[in-house]
Each structure stands twice: as C-alpha cells, then as structure tokens.
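A short write-up of the structure that comes next.
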Amino acid sequence: MTNKIKNKRINNETIRKAGSLLISFGLMFLAFFFIPPNTPTVKEQAIKQAESKQEARKEAFARQIDVEAKAFVVYDIESGQILFSKDEKTILPLASLTKIMTALTASDLAKNDTMVNIGDSKEKNTGIITPKEKWGLEKLINLTLVSSSNFGAESIASVIGASTQTNFIGAMNQKAKILGLEGMSFTNETGLDINNAISGANGSALDVAKLFTYVLKNKPGIFEATKFKVITETSLDNKNHTAINTNEIINKIPGLIASKTGFTNMAGGNLAIIANLGLRHPIAFVVMGSSEKGRFADTEKLVQVTEEYLSAN
C-alpha cells in the first residue's frame, strides 16, 4: 500500500472523528442553551401528578375529622408515615398511657415469671388487685393495663425497682430517651397528676404512637391482654381476678391489637390503640386532651375516616 493511500485513509478517519466530536459538542450546546435545566421526565411528571392527587384526596378526608381532642395522630406503623394529625408534637399530660412505659420498663428489667409481692394499697381496694397477694409479673401487667390499676403499677415499679436495684422512674425516662421520644418524661409510674399544676407524666401524641410501635414490634406480648373486653388472671396464691377493659369501644374497633386509656383532671381523656386496617396493616391512633367520653367518639371517628381513606387509595 502506498503512502499516499495510507495518508488518505488516515485523513478520512480523522475527519470522521472530528465530525463526531462536532456533533457531540453541538448537541451539548443545544442542551445547555435551549433545554431548561431540571426539566422533569414524563415519568417524573406522572408521579408528581399522582402524588398531588393523593394529597388532595387526603386533605378532603382530613376535612371530615371533627374531634374534641387537643391533639391526635394517625400513624402508619409499617411506613412510619403520619396519615392524619393535629398538634401531634404538642406536649400534654399522658395520664394512664404512662402504664405502657411502666410495663415495658418492667419487662426490660425482669423476666415474665418474676414474683411480685403486692404491698399495702394506698388507694381504695377495688378488688381487682388486692394487698399482700403474690403475682407473676406478666399476669400482673395484664391486669394493670386492662383495668388501668394504679395500685398494680405502683407495685410493679416498687418491687421490680427494688429487686433489680434500679431507680425505676429513672429507667422509664432513660428508655424514652433511647427510643427518641423527645417530649416524653415521667415523674411517677402511674401518670396520676401530682397536684393541680403538675402531671405525673408528659408526652406528645406522636411520642405515644412511636412508643406503641416499638412495643408492638419488640414486645407484643405486653399488648396481648389489652385487646379483650374482659380478662381473668390467677395469682400465685391461686386466686382468680377478673378485669373489665377501661376502653369502652373495645368491640367496636375492627382488627384491634392494642389498647390503653388514660384520664386525669389535667390530661382530660386520652386513648391510644393499634388496629389492623387491612391485611397486616397496623395503624396507631392516639387521642389526647379530649373528654372522658369524647376520647372514644374521637377515636371511632378517626378509625372511620382512615378506613375510608385507605379504601379510596
């Protein structure tokens, strides 16, 4: 092959490469100067439109919610998303919602079969938990939560704290800190008001929803008894004790898997539940600062709206 032919081929190849580079630079130039930056793709536009429609539907359902509560939250446990809420981060008195943390802390410190000696009652004997009986911790927790027994909570904190040489209230506050429940704090294990100005425990509706979420995922046995209207437990003294759930709408909530009431003069009416709305779709509902009866109506309304919302999506 002659040098002349070789040179011609080299020149042609050079021209072809140069042409390709010029086309590439030209396209880049056009893209830079004539195509607006961050222009969404068709797919991105479709997703944005769908999200906008869903948000509009959500707002339409939210307008149906008319409750007495000062604060509430509807919390999707699996996604961690807030479906509906009002002042969900406002710190309010917890009342007997406190007893869920009491039960959780006790279960962290001691085994379920740990014996709890009941002392002398500081309150009127209700007949549910009587003085000087012996209980296994798990069964005592069940009775305490279902009947919302202050005497039961005091006995658990006193005995478990002493037997493990632990500042029980300090352990409750430490657990709240570990779980990232920023607004939750405890002065006692019952949630009873200390006086007319100081609550026994405080937290937000969102704090409560997250606490319930943690218990459901890590120690669901704590909630087992709270889904029943009536339970009977037997003490280590072989005495049967029957407790009626303080949640008056226990049989009106579909798929109920957890429940706890709370009421004091400072707190007003509180109620927290978890219900499966669909196949393995647990939703936490927390109502705080309602009235003694209003907390039940508020929760029923929230469940109804949430069911309708989820069905529409």
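Residues are referred to by chain and number: the chain letter is A, B, ... according to the order shown in the structure tokens, the number counts from 1 in that chain, and ligands are numbered separately from 1 in the order shown.
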Could you give me, as number ranges by chain, each residue of stretch 44-254 of chain A that DSSP assigns to strand (DSSP E or B) when run on this structure's backbone?
A: 71-76, 81-86, 92-93, 115-117, 134-136, 185-186, 201-203, 230-234, 240-244
Could you give me, as a PyMOL selection string, the residues within 10 Å of A:Glu292, counting only C-alpha atoms and dropping anything in the same chain fewer than 4 positions from it?
chain A and resi 261-265+267-271+296-297
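Of the residues under consideration (A:Leu104, A:Leu236, A:Val73, A:Ala95), A:Ala95 shows the shortest atom-to-atom contact distance to A:Gly203 when counting only C-alpha atoms.
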May I ask which of the residues A:Asn195, A:Asn188, A:Thr130, A:Ser79 is the closest one to A:Ile283, counting only C-alpha atoms?
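Checking each candidate against A:Ile283, we get A:Ser79 as the closest.
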Near-A:Ile231 list (12 Å; only C-alpha atoms; drop same-chain fewer than 5 positions) as a list of chain:residue names:
A:Ile128, A:Lys139, A:Leu140, A:Asn142, A:Leu143, A:Thr144, A:Leu145, A:Val146, A:Ser147, A:Glu224, A:Ala225, A:Thr226, A:Asn240, A:His241, A:Thr242, A:Ala243, A:Ile244, A:Asn245, A:Thr246
Counting only C-alpha atoms, which of A:Asp76, A:Glu189, A:Glu154, A:Asp237 gets nearest to A:Ala209?
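Ranking A:Asp76, A:Glu189, A:Glu154, A:Asp237 by distance to A:Ala209, first place goes to A:Asp76.
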Which residues are near A:Ser107? Cut-off 12 Å, only C-alpha atoms, ignore same chain within fewer than 3 positions. Put them as a PyMOL selection string.
chain A and resi 100-104+110-114+136-142+156-157+160-161+164+168+171-172+175+215+218-222
Please produce a file of those selected residues containing C-alpha atoms, as a PDB file, in the first residue's frame.
```pdb
ATOM      1  CA  ILE A 100     -47.369   1.182  78.806  1.00  0.00           C
ATOM      2  CA  MET A 101     -43.901   2.534  79.583  1.00  0.00           C
ATOM      3  CA  THR A 102     -44.189   1.106  83.112  1.00  0.00           C
ATOM      4  CA  ALA A 103     -44.901  -2.334  81.650  1.00  0.00           C
ATOM      5  CA  LEU A 104     -42.130  -2.025  79.050  1.00  0.00           C
ATOM      6  CA  ALA A 110     -37.174  -8.668  84.900  1.00  0.00           C
ATOM      7  CA  LYS A 111     -38.469 -11.944  83.466  1.00  0.00           C
ATOM      8  CA  ASN A 112     -42.177 -12.565  82.927  1.00  0.00           C
ATOM      9  CA  ASP A 113     -42.350 -15.096  85.756  1.00  0.00           C
ATOM     10  CA  THR A 114     -40.677 -12.820  88.321  1.00  0.00           C
ATOM     11  CA  GLY A 136     -46.148 -13.392  88.309  1.00  0.00           C
ATOM     12  CA  LEU A 137     -45.027 -10.178  86.596  1.00  0.00           C
ATOM     13  CA  GLU A 138     -46.633 -10.919  83.219  1.00  0.00           C
ATOM     14  CA  LYS A 139     -50.094 -11.588  84.681  1.00  0.00           C
ATOM     15  CA  LEU A 140     -49.872  -8.569  86.943  1.00  0.00           C
ATOM     16  CA  ILE A 141     -49.005  -6.397  83.943  1.00  0.00           C
ATOM     17  CA  ASN A 142     -52.053  -7.770  82.115  1.00  0.00           C
ATOM     18  CA  ILE A 156     -44.643  -3.319  89.717  1.00  0.00           C
ATOM     19  CA  ALA A 157     -42.381  -0.264  89.925  1.00  0.00           C
ATOM     20  CA  ILE A 160     -39.034  -4.611  90.248  1.00  0.00           C
ATOM     21  CA  GLY A 161     -37.069  -1.478  91.077  1.00  0.00           C
ATOM     22  CA  THR A 164     -33.030  -5.068  90.445  1.00  0.00           C
ATOM     23  CA  PHE A 168     -37.484   2.612  88.178  1.00  0.00           C
ATOM     24  CA  ALA A 171     -35.201   3.762  83.895  1.00  0.00           C
ATOM     25  CA  MET A 172     -38.517   4.847  82.345  1.00  0.00           C
ATOM     26  CA  LYS A 175     -35.976   4.262  77.897  1.00  0.00           C
ATOM     27  CA  VAL A 215     -43.748  -2.304  71.849  1.00  0.00           C
ATOM     28  CA  ASN A 218     -40.337  -5.761  70.020  1.00  0.00           C
ATOM     29  CA  LYS A 219     -42.552  -6.924  72.899  1.00  0.00           C
ATOM     30  CA  PRO A 220     -46.042  -7.536  71.511  1.00  0.00           C
ATOM     31  CA  GLY A 221     -46.949  -9.758  74.472  1.00  0.00           C
ATOM     32  CA  ILE A 222     -47.402  -6.599  76.555  1.00  0.00           C
TER      33      ILE A 222
END
```
Running DSSP on the backbone, which parts of stretch 63-185 of chain A land in alpha helix (DSSP H), as a ChimeraX atom specification?
/A:98-109,137-147,150-163,168-178
With only C-alpha atoms as the counted atoms, please give the residues lying no more than 7 Å from A:Lys70, apart from itself and same-chain residues fewer than 5 positions off, as a PDB file with C-alpha atoms, in the first residue's frame.
```pdb
ATOM      1  CA  MET A 288     -55.063  13.267  73.785  1.00  0.00           C
ATOM      2  CA  GLY A 289     -56.787  16.027  75.709  1.00  0.00           C
ATOM      3  CA  SER A 290     -60.335  15.006  74.850  1.00  0.00           C
TER       4      SER A 290
END
```
